[in-house]
$ cat work.cif   # mmCIF, C-alpha atoms
data_final
#
loop_
_atom_site.group_PDB
_atom_site.id
_atom_site.type_symbol
_atom_site.label_atom_id
_atom_site.label_comp_id
_atom_site.auth_asym_id
_atom_site.auth_seq_id
_atom_site.Cartn_x
_atom_site.Cartn_y
_atom_site.Cartn_z
ATOM 1 C CA MET A 92 46.782 221.785 -22.510
ATOM 2 C CA THR A 93 48.607 218.473 -23.086
ATOM 3 C CA ALA A 94 50.139 217.347 -26.357
ATOM 4 C CA ILE A 95 47.184 215.002 -26.926
ATOM 5 C CA ASP A 96 44.662 217.822 -26.310
ATOM 6 C CA LYS A 97 46.385 219.846 -29.004
ATOM 7 C CA PHE A 98 45.776 217.182 -31.677
ATOM 8 C CA ILE A 99 42.567 215.653 -30.329
ATOM 9 C CA ARG A 100 40.514 216.603 -33.403
ATOM 10 C CA LEU A 101 43.143 215.642 -35.964
ATOM 11 C CA GLU A 102 42.200 212.818 -38.352
ATOM 12 C CA ALA A 103 43.876 211.351 -41.412
ATOM 13 C CA VAL A 104 43.418 208.515 -43.859
ATOM 14 C CA GLY A 105 45.942 205.714 -43.730
ATOM 15 C CA TRP A 106 46.523 202.102 -44.740
ATOM 16 C CA TRP A 107 46.240 199.398 -42.111
ATOM 17 C CA PHE A 108 47.992 196.084 -42.667
ATOM 18 C CA GLU A 109 46.365 193.543 -40.366
ATOM 19 C CA ALA A 110 48.056 190.254 -39.498
ATOM 20 C CA GLY A 111 46.775 187.393 -41.658
ATOM 21 C CA ARG A 112 45.415 189.651 -44.427
ATOM 22 C CA GLN A 113 47.090 189.925 -47.785
ATOM 23 C CA GLU A 114 45.730 193.348 -48.677
ATOM 24 C CA ALA A 115 45.856 196.612 -46.783
ATOM 25 C CA ARG A 116 42.659 198.271 -45.631
ATOM 26 C CA GLU A 117 42.049 201.960 -45.993
ATOM 27 C CA VAL A 118 41.211 203.377 -42.568
ATOM 28 C CA VAL A 119 40.696 206.611 -40.669
ATOM 29 C CA VAL A 120 43.273 207.385 -37.952
ATOM 30 C CA SER A 121 42.411 209.741 -35.086
ATOM 31 C CA PHE A 122 43.605 210.534 -31.582
ATOM 32 C CA GLY A 123 41.993 209.127 -28.464
ATOM 33 C CA ASP A 124 42.984 209.227 -24.794
ATOM 34 C CA ALA A 125 46.696 208.414 -25.194
ATOM 35 C CA THR A 126 45.797 206.107 -28.087
ATOM 36 C CA LEU A 127 45.574 206.073 -31.863
ATOM 37 C CA GLN A 128 42.066 205.001 -32.878
ATOM 38 C CA ILE A 129 41.722 203.139 -36.135
ATOM 39 C CA THR A 130 38.257 202.950 -37.710
ATOM 40 C CA SER A 131 36.899 201.891 -41.077
ATOM 41 C CA LEU A 132 35.727 204.426 -43.637
ATOM 42 C CA LYS A 133 32.218 203.553 -42.428
ATOM 43 C CA ASP A 134 33.169 204.658 -38.884
ATOM 44 C CA VAL A 135 33.345 201.111 -37.513
ATOM 45 C CA PRO A 136 36.029 200.808 -34.788
ATOM 46 C CA LEU A 137 38.717 198.330 -35.779
ATOM 47 C CA THR A 138 41.422 198.700 -33.141
ATOM 48 C CA HIS A 139 43.398 201.208 -31.130
ATOM 49 C CA TRP A 140 47.097 201.513 -30.398
ATOM 50 C CA SER A 141 48.806 202.897 -27.344
ATOM 51 C CA LEU A 142 50.689 206.034 -28.300
ATOM 52 C CA LEU A 143 53.416 205.033 -25.868
ATOM 53 C CA ALA A 144 53.880 201.753 -27.774
ATOM 54 C CA THR A 145 53.594 203.252 -31.269
ATOM 55 C CA LYS A 146 56.970 203.254 -33.027
ATOM 56 C CA ARG A 147 58.165 204.403 -36.417
ATOM 57 C CA VAL A 148 59.408 201.271 -38.221
ATOM 58 C CA GLY A 149 60.049 202.455 -41.778
ATOM 59 C CA THR A 150 59.144 204.721 -44.707
ATOM 60 C CA ARG A 151 57.751 204.310 -48.224
ATOM 61 C CA ALA A 152 58.105 207.347 -50.492
ATOM 62 C CA GLU A 153 56.268 210.126 -48.599
ATOM 63 C CA ALA A 154 54.579 207.752 -46.186
ATOM 64 C CA VAL A 155 55.748 206.715 -42.721
ATOM 65 C CA ILE A 156 55.104 203.196 -41.427
ATOM 66 C CA TYR A 157 54.214 202.638 -37.766
ATOM 67 C CA SER A 158 53.681 199.590 -35.565
ATOM 68 C CA ALA A 159 52.594 199.120 -31.975
ATOM 69 C CA ASP A 160 54.100 195.685 -31.335
ATOM 70 C CA PRO A 161 57.679 194.362 -31.687
ATOM 71 C CA GLU A 162 56.611 191.564 -34.072
ATOM 72 C CA GLN A 163 54.899 194.065 -36.369
ATOM 73 C CA HIS A 164 51.790 191.911 -36.772
ATOM 74 C CA GLU A 165 49.954 195.144 -37.545
ATOM 75 C CA VAL A 166 51.404 198.139 -39.306
ATOM 76 C CA LEU A 167 49.946 201.483 -40.221
ATOM 77 C CA GLU A 168 51.051 203.552 -43.197
ATOM 78 C CA ILE A 169 50.294 207.291 -43.139
ATOM 79 C CA GLU A 170 51.089 209.946 -45.745
ATOM 80 C CA ASP A 171 49.386 212.942 -44.128
ATOM 81 C CA PRO A 172 52.262 215.255 -42.975
ATOM 82 C CA ASP A 173 50.193 216.853 -40.178
ATOM 83 C CA MET A 174 49.360 213.447 -38.708
ATOM 84 C CA ILE A 175 52.987 212.335 -39.024
ATOM 85 C CA ARG A 176 54.178 215.448 -37.174
ATOM 86 C CA ALA A 177 51.499 214.990 -34.522
ATOM 87 C CA ILE A 178 52.391 211.343 -33.860
ATOM 88 C CA SER A 179 56.065 212.270 -33.678
ATOM 89 C CA ALA A 180 55.401 215.104 -31.216
ATOM 90 C CA ILE A 181 53.171 213.069 -28.939
ATOM 91 C CA THR A 182 55.249 209.887 -28.854
ATOM 92 C CA SER A 183 58.306 212.026 -28.052
ATOM 93 C CA ALA A 184 56.432 213.652 -25.165
ATOM 94 C CA LEU A 185 55.234 210.304 -23.807
ATOM 95 C CA ILE A 186 58.454 208.358 -24.242
ATOM 96 C CA GLU A 187 59.919 207.089 -20.965
ATOM 97 C CA PRO A 188 63.271 208.641 -20.094
ATOM 98 C CA GLU A 189 66.343 206.529 -20.526
ATOM 99 C CA PRO A 190 67.493 204.993 -17.258
ATOM 100 C CA ALA A 191 70.277 206.919 -15.619
ATOM 101 C CA PRO A 192 73.750 205.373 -15.842
ATOM 102 C CA LYS A 193 74.596 203.000 -13.019
ATOM 103 C CA TRP A 194 77.203 205.336 -11.570
ATOM 104 C CA ARG A 195 74.639 208.131 -11.408
ATOM 105 C CA ARG A 196 72.056 205.909 -9.717
ATOM 106 C CA TRP A 197 74.624 204.794 -7.139
ATOM 107 C CA ALA A 198 75.694 208.404 -6.616
ATOM 108 C CA ARG A 199 72.078 209.390 -5.948
ATOM 109 C CA ARG A 200 71.677 206.518 -3.523
ATOM 110 C CA GLY A 201 74.858 207.549 -1.770
ATOM 111 C CA VAL A 202 73.635 211.102 -1.399
ATOM 112 C CA ALA A 203 70.259 209.855 -0.098
ATOM 113 C CA LEU A 204 71.965 207.595 2.436
ATOM 114 C CA ALA A 205 74.219 210.432 3.538
ATOM 115 C CA LEU A 206 71.195 212.701 4.032
ATOM 116 C CA LEU A 207 69.385 209.961 5.960
ATOM 117 C CA ALA A 208 72.438 209.394 8.146
ATOM 118 C CA GLY A 209 72.665 213.126 8.811
ATOM 119 C CA LEU A 210 68.980 213.255 9.691
ATOM 120 C CA LEU A 211 69.299 210.324 12.091
ATOM 121 C CA TRP A 212 72.331 211.988 13.673
ATOM 122 C CA ALA A 213 70.595 215.330 14.161
ATOM 123 C CA ALA A 214 67.030 214.179 14.778
ATOM 124 C CA PRO A 215 67.307 211.814 17.808
ATOM 125 C CA PRO A 216 67.308 214.588 20.443
ATOM 126 C CA LEU A 217 64.164 216.041 18.860
ATOM 127 C CA ILE A 218 62.527 212.600 18.668
ATOM 128 C CA TYR A 219 63.359 211.851 22.319
ATOM 129 C CA LYS A 220 62.086 215.219 23.473
ATOM 130 C CA ALA A 221 58.853 214.961 21.489
ATOM 131 C CA THR A 222 58.171 211.426 22.734
ATOM 132 C CA THR A 223 58.851 212.481 26.320
ATOM 133 C CA LEU A 224 56.615 215.547 26.193
ATOM 134 C CA LEU A 225 53.748 213.876 24.316
ATOM 135 C CA THR A 226 53.454 210.773 26.505
ATOM 136 C CA PRO A 227 50.151 211.063 28.430
ATOM 137 C CA PRO A 228 49.920 210.295 32.185
ATOM 138 C CA ALA A 229 48.114 206.987 31.607
ATOM 139 C CA ARG A 230 50.969 205.701 29.461
ATOM 140 C CA MET A 231 53.496 206.869 32.036
ATOM 141 C CA ALA A 232 51.679 204.898 34.742
ATOM 142 C CA ALA A 233 51.573 201.807 32.532
ATOM 143 C CA LEU A 234 55.278 202.232 31.769
ATOM 144 C CA SER A 235 56.059 202.434 35.506
ATOM 145 C CA ASP A 236 54.218 199.150 36.062
ATOM 146 C CA ASP A 237 56.164 197.546 33.224
ATOM 147 C CA MET A 238 59.436 198.847 34.680
ATOM 148 C CA VAL A 239 58.568 197.356 38.064
ATOM 149 C CA GLU A 240 58.185 194.011 36.317
ATOM 150 C CA GLY A 241 61.677 194.543 34.918
ATOM 151 C CA LEU A 242 63.001 195.242 38.417
ATOM 152 C CA ARG A 243 61.342 192.074 39.684
ATOM 153 C CA ALA A 244 63.049 190.081 36.961
ATOM 154 C CA GLN A 245 66.393 191.635 37.950
ATOM 155 C CA TYR A 246 66.173 191.785 41.762
ATOM 156 C CA GLY A 247 63.393 189.387 42.668
ATOM 157 C CA THR A 248 59.994 190.199 44.120
ATOM 158 C CA GLU A 249 59.746 193.423 46.117
ATOM 159 C CA CYS A 250 59.504 193.232 49.897
ATOM 160 C CA LYS A 251 55.890 192.602 50.899
ATOM 161 C CA ASP A 252 55.756 192.442 54.671
ATOM 162 C CA TRP A 253 52.172 193.395 55.495
ATOM 163 C CA LEU A 254 52.951 195.871 58.288
ATOM 164 C CA GLY A 255 55.970 197.249 56.457
ATOM 165 C CA GLY A 256 53.902 197.703 53.293
ATOM 166 C CA HIS A 257 51.289 199.723 55.171
ATOM 167 C CA ALA A 258 54.089 201.793 56.728
ATOM 168 C CA LEU A 259 55.547 202.438 53.257
ATOM 169 C CA GLU A 260 52.183 203.696 52.016
ATOM 170 C CA GLY A 261 51.823 205.868 55.116
ATOM 171 C CA PHE A 262 55.289 207.327 54.579
ATOM 172 C CA ALA A 263 54.415 208.332 50.996
ATOM 173 C CA GLU A 264 51.068 209.804 52.083
ATOM 174 C CA LYS A 265 52.638 211.894 54.831
ATOM 175 C CA LEU A 266 55.448 213.164 52.603
ATOM 176 C CA LEU A 267 53.268 213.949 49.566
ATOM 177 C CA PRO A 268 49.652 213.962 50.793
ATOM 178 C CA ALA A 269 48.176 215.510 47.631
ATOM 179 C CA ALA A 270 49.492 212.791 45.293
ATOM 180 C CA PRO A 271 51.501 210.079 47.089
ATOM 181 C CA PRO A 272 54.032 208.434 44.784
ATOM 182 C CA ALA A 273 54.165 204.670 44.383
ATOM 183 C CA LEU A 274 57.100 203.282 46.377
ATOM 184 C CA TRP A 275 58.705 199.864 46.171
ATOM 185 C CA VAL A 276 61.526 198.304 48.215
ATOM 186 C CA PHE A 277 63.735 195.593 46.725
ATOM 187 C CA ALA A 278 66.018 193.584 49.000
ATOM 188 C CA LYS A 279 68.635 192.924 46.303
ATOM 189 C CA GLN A 280 68.576 196.289 44.556
ATOM 190 C CA THR A 281 72.105 197.703 44.414
ATOM 191 C CA THR A 282 71.240 201.337 43.596
ATOM 192 C CA PRO A 283 69.858 203.271 46.613
ATOM 193 C CA ALA A 284 66.939 204.659 44.605
ATOM 194 C CA ILE A 285 65.695 204.402 41.026
ATOM 195 C CA ALA A 286 63.271 206.998 39.717
ATOM 196 C CA LEU A 287 60.357 205.677 37.663
ATOM 197 C CA PRO A 288 57.891 207.822 35.703
ATOM 198 C CA ASN A 289 55.277 207.378 38.461
ATOM 199 C CA GLY A 290 57.223 206.322 41.516
ATOM 200 C CA VAL A 291 60.503 205.408 43.200
ATOM 201 C CA ALA A 292 62.127 202.027 43.750
ATOM 202 C CA LEU A 293 64.229 201.934 46.954
ATOM 203 C CA SER A 294 66.898 199.468 48.010
ATOM 204 C CA ASN A 295 66.554 197.814 51.400
ATOM 205 C CA ALA A 296 70.184 198.737 52.140
ATOM 206 C CA ALA A 297 69.404 202.443 51.683
ATOM 207 C CA LEU A 298 66.280 202.072 53.822
ATOM 208 C CA GLN A 299 68.200 200.463 56.681
ATOM 209 C CA ALA A 300 70.860 203.201 56.670
ATOM 210 C CA ALA A 301 68.358 206.072 56.519
ATOM 211 C CA THR A 302 66.567 208.302 58.961
ATOM 212 C CA PRO A 303 63.037 209.546 58.242
ATOM 213 C CA GLU A 304 64.473 212.886 57.107
ATOM 214 C CA SER A 305 67.241 211.428 54.910
ATOM 215 C CA LEU A 306 64.800 208.945 53.360
ATOM 216 C CA SER A 307 62.370 211.787 52.671
ATOM 217 C CA ALA A 308 65.184 213.689 50.924
ATOM 218 C CA LEU A 309 66.065 210.608 48.850
ATOM 219 C CA VAL A 310 62.441 210.057 47.848
ATOM 220 C CA MET A 311 61.852 213.752 47.124
ATOM 221 C CA ALA A 312 64.891 214.066 44.855
ATOM 222 C CA HIS A 313 63.796 211.064 42.798
ATOM 223 C CA TRP A 314 60.145 212.133 42.888
ATOM 224 C CA ALA A 315 61.244 215.453 41.379
ATOM 225 C CA MET A 316 63.017 213.562 38.590
ATOM 226 C CA GLY A 317 59.736 211.872 37.741
ATOM 227 C CA GLN A 318 57.918 215.229 37.772
ATOM 228 C CA ASN A 319 60.543 216.555 35.357
ATOM 229 C CA ARG A 320 60.086 213.427 33.193
ATOM 230 C CA LYS A 321 63.773 212.552 33.486
ATOM 231 C CA PRO A 322 63.206 208.763 33.907
ATOM 232 C CA LEU A 323 60.922 208.734 30.890
ATOM 233 C CA HIS A 324 63.411 210.670 28.779
ATOM 234 C CA ALA A 325 66.269 208.375 29.811
ATOM 235 C CA TYR A 326 64.208 205.318 28.898
ATOM 236 C CA VAL A 327 63.140 206.781 25.544
ATOM 237 C CA ALA A 328 66.749 207.683 24.692
ATOM 238 C CA ALA A 329 67.813 204.128 25.536
ATOM 239 C CA LEU A 330 65.307 202.820 22.970
ATOM 240 C CA GLY A 331 67.084 204.534 20.084
ATOM 241 C CA PRO A 332 65.558 206.973 17.569
ATOM 242 C CA LEU A 333 63.690 204.475 15.382
ATOM 243 C CA THR A 334 61.999 202.626 18.259
ATOM 244 C CA ALA A 335 61.229 205.927 19.987
ATOM 245 C CA LEU A 336 59.671 207.239 16.784
ATOM 246 C CA ARG A 337 57.536 204.109 16.443
ATOM 247 C CA SER A 338 56.451 204.472 20.069
ATOM 248 C CA LEU A 339 55.462 208.069 19.406
ATOM 249 C CA ALA A 340 53.578 207.148 16.230
ATOM 250 C CA PHE A 341 51.713 204.084 17.542
ATOM 251 C CA GLY A 342 51.179 205.197 21.140
ATOM 252 C CA ARG A 343 52.801 202.267 22.937
ATOM 253 C CA PHE A 344 56.211 201.319 24.266
ATOM 254 C CA PRO A 345 57.900 197.947 23.742
ATOM 255 C CA GLU A 346 57.157 195.304 26.341
ATOM 256 C CA GLY A 347 59.788 194.424 28.921
ATOM 257 C CA ALA A 348 60.731 198.000 29.830
ATOM 258 C CA LYS A 349 63.684 198.454 32.138
ATOM 259 C CA PRO A 350 64.289 201.678 34.076
ATOM 260 C CA VAL A 351 67.512 203.603 33.578
ATOM 261 C CA ALA A 352 69.201 204.525 36.863
ATOM 262 C CA ILE A 353 70.097 208.217 36.650
ATOM 263 C CA ALA A 354 71.116 210.735 39.293
ATOM 264 C CA PRO A 355 69.118 213.889 40.071
ATOM 265 C CA ASP A 356 70.538 217.174 38.862
ATOM 266 C CA GLY A 357 70.206 220.763 40.052
ATOM 267 C CA GLU A 358 66.779 221.198 38.458
ATOM 268 C CA ASP A 359 65.447 218.182 40.365
ATOM 269 C CA TYR A 360 66.967 219.286 43.680
ATOM 270 C CA LEU A 361 65.470 222.755 43.330
ATOM 271 C CA LEU A 362 61.996 221.348 42.673
ATOM 272 C CA ALA A 363 62.273 219.053 45.707
ATOM 273 C CA ARG A 364 63.625 221.890 47.870
ATOM 274 C CA ASP A 365 60.798 224.234 46.875
ATOM 275 C CA TYR A 366 58.224 221.566 47.711
ATOM 276 C CA LEU A 367 59.727 220.960 51.167
ATOM 277 C CA ARG A 368 59.959 224.649 51.951
ATOM 278 C CA THR A 369 56.391 225.258 50.760
ATOM 279 C CA HIS A 370 55.141 222.562 53.144
ATOM 280 C CA GLY A 371 57.188 223.854 56.061
ATOM 281 C CA LEU A 372 59.788 221.104 56.074
ATOM 282 C CA SER A 373 63.548 221.380 56.368
ATOM 283 C CA ALA A 374 65.618 220.975 53.210
ATOM 284 C CA PHE A 375 68.818 220.343 55.172
ATOM 285 C CA GLN A 376 69.161 216.647 54.274
ATOM 286 C CA LEU A 377 68.376 217.469 50.659
ATOM 287 C CA GLN A 378 71.157 220.039 50.768
ATOM 288 C CA GLN A 379 73.564 217.415 52.068
ATOM 289 C CA MET A 380 72.588 215.061 49.239
ATOM 290 C CA ALA A 381 73.141 217.793 46.668
ATOM 291 C CA LYS A 382 76.596 218.554 48.082
ATOM 292 C CA ALA A 383 77.472 214.845 47.948
ATOM 293 C CA ASP A 384 76.496 214.875 44.269
ATOM 294 C CA GLY A 385 78.673 217.930 43.654
ATOM 295 C CA ILE A 386 75.734 220.314 43.250
ATOM 296 C CA GLY A 387 75.688 223.579 45.154
ATOM 297 C CA LEU A 388 72.037 223.871 46.141
ATOM 298 C CA PRO A 389 70.989 227.236 47.643
ATOM 299 C CA LEU A 390 69.547 226.264 50.996
ATOM 300 C CA GLY A 391 67.685 229.436 51.793
ATOM 301 C CA GLU A 392 66.098 229.564 55.220
ATOM 302 C CA VAL A 393 67.108 226.707 57.552
ATOM 303 C CA PHE A 394 64.173 225.526 59.623
ATOM 304 C CA ALA A 395 64.494 224.438 63.217
ATOM 305 C CA ASP A 396 64.862 220.759 64.102
ATOM 306 C CA SER A 397 61.149 220.629 64.846
ATOM 307 C CA ASN A 398 60.549 221.142 61.117
ATOM 308 C CA THR A 399 62.460 218.056 60.034
ATOM 309 C CA PHE A 400 60.404 215.246 58.566
ATOM 310 C CA THR A 401 59.412 212.612 61.102
ATOM 311 C CA PHE A 402 57.484 209.373 60.728
ATOM 312 C CA GLU A 403 56.289 207.362 63.710
ATOM 313 C CA GLY A 404 56.153 204.043 61.891
ATOM 314 C CA PHE A 405 59.708 204.252 60.559
ATOM 315 C CA GLU A 406 60.955 201.210 62.492
ATOM 316 C CA THR A 407 58.056 199.198 61.085
ATOM 317 C CA LEU A 408 58.928 200.484 57.644
ATOM 318 C CA GLN A 409 62.522 199.336 58.056
ATOM 319 C CA GLY A 410 61.249 195.818 58.736
ATOM 320 C CA ILE A 411 59.476 195.569 55.374
ATOM 321 C CA CYS A 412 61.970 193.009 54.052
ATOM 322 C CA ALA A 413 61.940 190.868 57.222
ATOM 323 C CA GLU A 414 61.126 187.236 56.620
#
$ encode --input "work.cif" --output "structure tokens"
Amino acid sequence: MTAIDKFIRLEAVGWWFEAGRQEAREVVVSFGDATLQITSLKDVPLTHWSLLATKRVGTRAEAVIYSADPEQHEVLEIEDPDMIRAISAITSALIEPEPAPKWRRWARRGVALALLAGLLWAAPPLIYKATTLLTPPARMAALSDDMVEGLRAQYGTECKDWLGGHALEGFAEKLLPAAPPALWVFAKQTTPAIALPNGVALSNAALQAATPESLSALVMAHWAMGQNRKPLHAYVAALGPLTALRSLAFGRFPEGAKPVAIAPDGEDYLLARDYLRTHGLSAFQLQQMAKADGIGLPLGEVFADSNTFTFEGFETLQGICAE
């Protein structure tokens, strides 16, 4: 029950001084919905005052004088003690609290900012992880395409020799027949390989210095990074927590995405090794790559040379950037 509900049936006779009238009018005062209703003795509505605006402006003998406007164009004089107590109780309950001192408001703001700063400091890893895990495959593919556009802007158009391009597709299909990754070769790319969410960008320099087996190890290590969503996570972390959170909320990444060149770790090497061993291929070159990166990768069984990865069109592939 509210304070108004408590006095909803309370009525009293009072004197209403209306602006422009010389004489007061005897009226009936009762409670409405957060208002004082003023009616004539014949039950004709005359006006109503907001209880929040009703103020005590004076006294006369046993009566209390009220007004609902600063200019006091209308005043209401009431002698009934029950009505006086009721108006006092309700207006006290409805009165707006005094504004807090400036120092207290600034202190509250400071505490809020400190809490927000702490949240932003602690929350980014959770935001990055959630965005990485909740990105669907279709968005990952679209992000890869956008990243390739970023590589084109940085290194120029990828090598598109017709025979070399077919050889590149054949290489990916032979290495990963179930789901061949998208591969690109850039003549001016300085990093040997860059993992994308749905593929691998290779430098022509790395391609020229490779053998079929060493190139397969390079592709497999970076393919494993994509399977582990490492390129996506690195990109999301580079966006910052606020942009990453917006991307998670609205389901799209900012345009102009650029891949982040990161190196494979032990988890990636193990995934690539297990794939090669499952498909009867040697993991020797992958082991050498892991050692070069300072990672001790358990080699397990070493297959004979006949189990190394070979590709008949490798020379054609190496000519992909030929003019």
$ resolve_selection --input "work.cif" --expression "the PyMOL selection byres ((chain A and resi 370) around 12)" --output "list in words"
Lys265, Leu266, Leu267, Pro268, Ala269, Ala363, Arg364, Asp365, Tyr366, Leu367, Arg368, Thr369, Gly371, Leu372, Ser373, Ala374, Phe394, Asn398, Thr399 and Phe400 of chain A
$ resolve_selection --input "work.cif" --expression "the PyMOL selection byres ((chain A and resi 336-342) around 12)" --output "PyMOL selection string"
chain A and resi 211+214-227+229-231+233-234+326-328+330-335+343-346
$ closest_residue --input "work.cif" --among "A:Met238, A:Val104, A:Leu274, A:Val135" --to "Val351 in chain A" --atoms "all atoms listed in the file"
A:Met238
$ residues_around --input "work.cif" --residues "Cys250 in chain A" --least-positions-apart "5" --cutoff "8 Å" --atoms "only C-alpha atoms" --output "PyMOL selection string"
chain A and resi 256+275-278+411-412
$ atom_distance --input "work.cif" --atom1 "CA of Thr282 in chain A" --atom2 "CA of Ala270 in chain A"
24.6 Å
$ atom_distance --input "work.cif" --atom1 "CA of Asp236 in chain A" --atom2 "CA of Glu249 in chain A"
12.8 Å
$ atom_distance --input "work.cif" --atom1 "CA of Glu403 in chain A" --atom2 "CA of Asn295 in chain A"
18.7 Å
$ resolve_selection --input "work.cif" --expression "the PyMOL selection byres ((chain A and resi 140-145) around 8)" --output "PyMOL selection string"
chain A and resi 125-128+138-139+146-147+157-160+178+181-182+185-186
$ closest_residue --input "work.cif" --among "A:Gly105, A:Pro350, A:Pro283, A:Gly317" --to "Met174 in chain A" --atoms "all atoms listed in the file"
A:Gly105
